[in-house]
file my_file_37.cif (mmCIF, C-alpha atoms)
data_run
loop_
_atom_site.group_PDB
_atom_site.id
_atom_site.type_symbol
_atom_site.label_atom_id
_atom_site.label_comp_id
_atom_site.auth_asym_id
_atom_site.auth_seq_id
_atom_site.Cartn_x
_atom_site.Cartn_y
_atom_site.Cartn_z
ATOM 1 C CA MET A 1 0.000 0.000 0.000
ATOM 2 C CA GLY A 2 1.323 3.439 -0.903
ATOM 3 C CA LEU A 3 1.368 6.659 1.076
ATOM 4 C CA ILE A 4 -1.741 8.021 -0.656
ATOM 5 C CA GLU A 5 -3.798 4.981 0.324
ATOM 6 C CA GLU A 6 -2.468 5.071 3.875
ATOM 7 C CA ARG A 7 -3.431 8.724 4.273
ATOM 8 C CA HIS A 8 -6.778 8.399 2.476
ATOM 9 C CA PRO A 9 -8.151 4.838 2.476
ATOM 10 C CA ALA A 10 -11.115 6.044 0.369
ATOM 11 C CA PHE A 11 -8.692 6.320 -2.567
ATOM 12 C CA LYS A 12 -7.382 2.746 -2.234
ATOM 13 C CA ARG A 13 -9.553 1.231 -5.020
ATOM 14 C CA LEU A 14 -9.070 4.200 -7.309
ATOM 15 C CA MET A 15 -5.281 3.991 -6.986
ATOM 16 C CA ARG A 16 -5.340 0.224 -7.537
ATOM 17 C CA LEU A 17 -7.407 0.592 -10.739
ATOM 18 C CA TRP A 18 -5.052 3.301 -11.996
ATOM 19 C CA ARG A 19 -1.941 1.231 -11.212
ATOM 20 C CA ASP A 20 -3.453 -1.950 -12.685
ATOM 21 C CA ALA A 21 -4.070 -0.100 -15.966
ATOM 22 C CA GLN A 22 -0.410 0.999 -16.209
ATOM 23 C CA VAL A 23 1.681 -0.899 -18.736
ATOM 24 C CA SER A 24 4.851 1.097 -17.999
ATOM 25 C CA GLU A 25 5.962 3.944 -15.750
ATOM 26 C CA ALA A 26 3.919 6.304 -17.947
ATOM 27 C CA PRO A 27 0.313 7.211 -17.082
ATOM 28 C CA PRO A 28 -2.052 4.412 -18.061
ATOM 29 C CA PRO A 29 -4.051 4.744 -21.256
ATOM 30 C CA SER A 30 -7.625 5.783 -20.528
ATOM 31 C CA SER A 31 -8.743 2.888 -22.750
ATOM 32 C CA GLY A 32 -7.076 0.472 -20.302
ATOM 33 C CA LEU A 33 -9.196 1.445 -17.293
ATOM 34 C CA ASP A 34 -11.824 -1.061 -16.198
ATOM 35 C CA ARG A 35 -15.008 0.951 -16.847
ATOM 36 C CA SER A 36 -17.223 -1.441 -14.868
ATOM 37 C CA ALA A 37 -14.968 -1.078 -11.802
ATOM 38 C CA LEU A 38 -14.920 2.693 -12.264
ATOM 39 C CA ALA A 39 -18.721 2.744 -12.283
ATOM 40 C CA ASP A 40 -18.641 1.913 -8.558
ATOM 41 C CA LEU A 41 -16.422 4.961 -8.019
ATOM 42 C CA ALA A 42 -18.359 7.373 -10.244
ATOM 43 C CA ASP A 43 -19.847 9.199 -7.242
ATOM 44 C CA VAL A 44 -16.425 10.315 -5.989
ATOM 45 C CA THR A 45 -14.709 11.046 -9.308
ATOM 46 C CA VAL A 46 -14.393 13.970 -11.667
ATOM 47 C CA THR A 47 -13.158 13.607 -15.234
ATOM 48 C CA LEU A 48 -11.046 16.541 -16.399
ATOM 49 C CA VAL A 49 -10.147 17.294 -20.005
ATOM 50 C CA CYS A 50 -7.192 19.471 -20.949
ATOM 51 C CA ASP A 51 -7.091 21.670 -24.029
ATOM 52 C CA ASP A 52 -3.836 23.633 -24.050
ATOM 53 C CA ALA A 53 -3.919 25.547 -20.736
ATOM 54 C CA ASP A 54 -7.721 25.263 -20.358
ATOM 55 C CA VAL A 55 -8.835 22.463 -18.064
ATOM 56 C CA ARG A 56 -12.550 21.694 -17.860
ATOM 57 C CA ILE A 57 -14.696 19.290 -15.885
ATOM 58 C CA ALA A 58 -16.268 16.825 -18.319
ATOM 59 C CA GLU A 59 -18.180 14.844 -15.687
ATOM 60 C CA SER A 60 -18.585 14.898 -11.933
ATOM 61 C CA GLY A 61 -20.034 12.335 -9.562
ATOM 62 C CA ASP A 62 -23.064 12.906 -7.361
ATOM 63 C CA ALA A 63 -21.072 12.758 -4.111
ATOM 64 C CA VAL A 64 -18.614 15.324 -5.470
ATOM 65 C CA ASP A 65 -21.445 17.616 -6.563
ATOM 66 C CA ALA A 66 -22.954 17.281 -3.074
ATOM 67 C CA LEU A 67 -19.635 18.315 -1.465
ATOM 68 C CA TYR A 68 -19.497 21.430 -3.631
ATOM 69 C CA GLU A 69 -23.274 21.986 -3.479
ATOM 70 C CA VAL A 70 -23.429 22.452 -7.260
ATOM 71 C CA ALA A 71 -23.245 20.280 -10.381
ATOM 72 C CA LEU A 72 -19.679 20.692 -11.651
ATOM 73 C CA GLY A 73 -19.968 19.103 -15.112
ATOM 74 C CA GLY A 74 -19.038 21.582 -17.859
ATOM 75 C CA ALA A 75 -17.401 24.080 -15.482
ATOM 76 C CA SER A 76 -13.795 25.202 -15.449
ATOM 77 C CA ALA A 77 -11.526 23.039 -13.308
ATOM 78 C CA GLU A 78 -10.996 26.139 -11.155
ATOM 79 C CA ARG A 79 -14.400 25.363 -9.651
ATOM 80 C CA LEU A 80 -12.634 22.587 -7.710
ATOM 81 C CA THR A 81 -10.707 25.280 -5.794
ATOM 82 C CA PRO A 82 -13.298 28.056 -5.360
ATOM 83 C CA LYS A 83 -11.454 29.762 -2.498
ATOM 84 C CA ARG A 84 -8.039 30.130 -4.099
ATOM 85 C CA GLY A 85 -8.021 28.858 -7.699
ATOM 86 C CA GLY A 86 -5.218 26.610 -8.867
ATOM 87 C CA ALA A 87 -7.054 23.388 -9.793
ATOM 88 C CA ALA A 88 -6.125 23.729 -13.473
ATOM 89 C CA GLU A 89 -2.487 24.143 -12.482
ATOM 90 C CA GLU A 90 -2.704 21.099 -10.202
ATOM 91 C CA ALA A 91 -4.238 18.973 -12.975
ATOM 92 C CA LEU A 92 -1.651 20.111 -15.515
ATOM 93 C CA ALA A 93 1.167 19.377 -13.050
ATOM 94 C CA ALA A 94 -0.099 15.806 -12.664
ATOM 95 C CA SER A 95 -0.450 15.460 -16.431
ATOM 96 C CA ARG A 96 3.062 16.777 -17.121
ATOM 97 C CA SER A 97 4.696 14.653 -14.432
ATOM 98 C CA GLY A 98 2.716 11.523 -15.247
ATOM 99 C CA ARG A 99 2.358 10.917 -11.513
ATOM 100 C CA PRO A 100 -0.577 11.080 -9.100
ATOM 101 C CA LEU A 101 -0.948 14.337 -7.199
ATOM 102 C CA LEU A 102 -2.734 14.500 -3.841
ATOM 103 C CA ILE A 103 -4.014 17.853 -2.578
ATOM 104 C CA GLU A 104 -5.793 18.492 0.707
ATOM 105 C CA ASP A 105 -7.895 21.620 0.737
ATOM 106 C CA GLU A 106 -10.849 23.323 2.372
ATOM 107 C CA LEU A 107 -14.157 24.274 0.830
ATOM 108 C CA PRO A 108 -15.348 27.615 2.159
ATOM 109 C CA SER A 109 -19.097 27.051 2.278
ATOM 110 C CA PRO A 110 -19.882 25.033 4.185
ATOM 111 C CA ARG A 111 -16.408 24.717 5.661
ATOM 112 C CA ARG A 112 -15.164 21.206 5.150
ATOM 113 C CA ARG A 113 -11.852 19.535 4.441
ATOM 114 C CA ILE A 114 -11.489 17.571 1.243
ATOM 115 C CA ALA A 115 -8.808 15.620 -0.582
ATOM 116 C CA ARG A 116 -8.372 15.628 -4.356
ATOM 117 C CA LEU A 117 -6.371 12.905 -6.070
ATOM 118 C CA TYR A 118 -5.359 13.754 -9.638
ATOM 119 C CA LEU A 119 -4.549 10.675 -11.746
ATOM 120 C CA PRO A 120 -3.144 11.451 -15.216
ATOM 121 C CA LEU A 121 -4.267 9.386 -18.193
ATOM 122 C CA SER A 122 -2.777 8.972 -21.653
ATOM 123 C CA ASN A 123 -3.940 8.100 -25.148
ATOM 124 C CA ASP A 124 -2.851 4.761 -26.565
ATOM 125 C CA ASP A 125 0.133 6.563 -28.139
ATOM 126 C CA GLY A 126 1.278 7.873 -24.731
ATOM 127 C CA THR A 127 0.211 11.513 -25.147
ATOM 128 C CA PRO A 128 -1.790 13.111 -22.298
ATOM 129 C CA ASP A 129 -5.508 12.317 -22.348
ATOM 130 C CA GLY A 130 -7.010 14.084 -19.366
ATOM 131 C CA ILE A 131 -7.189 13.460 -15.672
ATOM 132 C CA LEU A 132 -9.281 11.225 -13.475
ATOM 133 C CA CYS A 133 -9.725 13.036 -10.165
ATOM 134 C CA GLY A 134 -11.062 11.511 -6.969
ATOM 135 C CA VAL A 135 -12.620 13.889 -4.435
ATOM 136 C CA VAL A 136 -13.563 12.896 -0.877
ATOM 137 C CA ALA A 137 -14.385 14.645 2.379
ATOM 138 C CA ILE A 138 -11.876 14.157 5.181
ATOM 139 C CA ALA A 139 -12.239 14.503 8.930
#

call {"tool": "encode", "arguments": {"input": "my_file_37.cif", "output": "structure tokens"}}
result
Amino acid sequence: MGLIEERHPAFKRLMRLWRDAQVSEAPPPSSGLDRSALADLADVTVTLVCDDADVRIAESGDAVDALYEVALGGASAERLTPKRGGAAEEALAASRSGRPLLIEDELPSPRRRIARLYLPLSNDDGTPDGILCGVVAIA
């Protein structure tokens, strides 16, 4: 078990699916993710798409929308960090590095601590293909 899973057990399955889809040290191809296993995690995930420097939320799970008290699908990734901005930069950093990025943050209204886990994905040719992001409340 890695440090991310130790700190946030809610991300254990998501990390395992991401790692199982890897065929090398590079981010796994999005086509290699087990969609049926991801369906069980849909409530706590956000799919981000990157177009140059613009990062948008393609889909967001019901539990994530409940944390933010708004449907996030179609919004700028910056909506994930309403208090300070920076979510697009976080997602791009994960995409560029090819490594997971864990961020703990606070939502301002209502005040609650959350964790975001950015998992970069690639196309079958190895080029970046968006980000799968898990979002959970933490105590």

call {"tool": "resolve_selection", "arguments": {"input": "my_file_37.cif", "expression": "the PyMOL selection byres ((chain A and resi 124) around 9)", "output": "MDAnalysis selection string"}}
result
chainID A and resid 28:32 122:123 125:127

call {"tool": "atom_distance", "arguments": {"input": "my_file_37.cif", "atom1": "CA of Pro100 (chain A)", "atom2": "CA of Met15 (chain A)"}}
result
8.8 Å

call {"tool": "resolve_selection", "arguments": {"input": "my_file_37.cif", "expression": "the PyMOL selection byres ((chain A and resi 38) around 12)", "output": "short mmCIF file (atom, residue, chain, number, x, y, z; two decimals) with C-alpha atoms, in the coordinates of the input"}}
result
data_model
loop_
_atom_site.label_atom_id
_atom_site.label_comp_id
_atom_site.auth_asym_id
_atom_site.auth_seq_id
_atom_site.Cartn_x
_atom_site.Cartn_y
_atom_site.Cartn_z
CA ARG A 13 -9.55 1.23 -5.02
CA LEU A 14 -9.07 4.20 -7.31
CA MET A 15 -5.28 3.99 -6.99
CA ARG A 16 -5.34 0.22 -7.54
CA LEU A 17 -7.41 0.59 -10.74
CA TRP A 18 -5.05 3.30 -12.00
CA ALA A 21 -4.07 -0.10 -15.97
CA SER A 30 -7.62 5.78 -20.53
CA GLY A 32 -7.08 0.47 -20.30
CA LEU A 33 -9.20 1.44 -17.29
CA ASP A 34 -11.82 -1.06 -16.20
CA ARG A 35 -15.01 0.95 -16.85
CA SER A 36 -17.22 -1.44 -14.87
CA ALA A 37 -14.97 -1.08 -11.80
CA ALA A 39 -18.72 2.74 -12.28
CA ASP A 40 -18.64 1.91 -8.56
CA LEU A 41 -16.42 4.96 -8.02
CA ALA A 42 -18.36 7.37 -10.24
CA ASP A 43 -19.85 9.20 -7.24
CA VAL A 44 -16.42 10.32 -5.99
CA THR A 45 -14.71 11.05 -9.31
CA VAL A 46 -14.39 13.97 -11.67
CA THR A 47 -13.16 13.61 -15.23
CA GLY A 61 -20.03 12.34 -9.56
CA LEU A 132 -9.28 11.22 -13.48
CA CYS A 133 -9.72 13.04 -10.16
CA GLY A 134 -11.06 11.51 -6.97
#

call {"tool": "residues_near_point", "arguments": {"input": "my_file_37.cif", "point": "(-2.8, 15.1, -10.8)", "cutoff": "10 Å", "atoms": "only C-alpha atoms", "output": "number ranges by chain"}}
result
A: 87-103, 116-121, 130-134

call {"tool": "atom_distance", "arguments": {"input": "my_file_37.cif", "atom1": "CA of Glu59 (chain A)", "atom2": "CA of Val23 (chain A)"}}
result
25.5 Å

call {"tool": "atom_distance", "arguments": {"input": "my_file_37.cif", "atom1": "CA of Ser109 (chain A)", "atom2": "CA of Ser76 (chain A)"}}
result
18.6 Å

call {"tool": "axis_aligned_box", "arguments": {"input": "my_file_37.cif", "around": "region 47-57 of chain A", "padding_each_side": "4 Å", "output": "JSON"}}
result
{"center_x": -9.3, "center_y": 19.6, "center_z": -19.6, "size_x": 18.9, "size_y": 19.9, "size_z": 16.8}

call {"tool": "residues_around", "arguments": {"input": "my_file_37.cif", "residues": "Ala58 (chain A)", "least_positions_apart": "2", "cutoff": "7 Å", "atoms": "all atoms listed in the file", "output": "ChimeraX atom specification"}}
result
/A:47-49,56,73-74

call {"tool": "residues_around", "arguments": {"input": "my_file_37.cif", "residues": "Leu107 (chain A)", "least_positions_apart": "3", "cutoff": "10 Å", "atoms": "all atoms listed in the file", "output": "ChimeraX atom specification"}}
result
/A:67-68,80-84,110-114,137

call {"tool": "closest_residue", "arguments": {"input": "my_file_37.cif", "among": "A:Ala10, A:Leu3, A:Ala77, A:Ala139", "to": "Ser60 (chain A)", "atoms": "all atoms listed in the file"}}
result
A:Ala77

call {"tool": "closest_residue", "arguments": {"input": "my_file_37.cif", "among": "A:Asp20, A:Asp129, A:Pro27, A:Asp105", "to": "Gly86 (chain A)", "atoms": "all atoms listed in the file"}}
result
A:Asp105
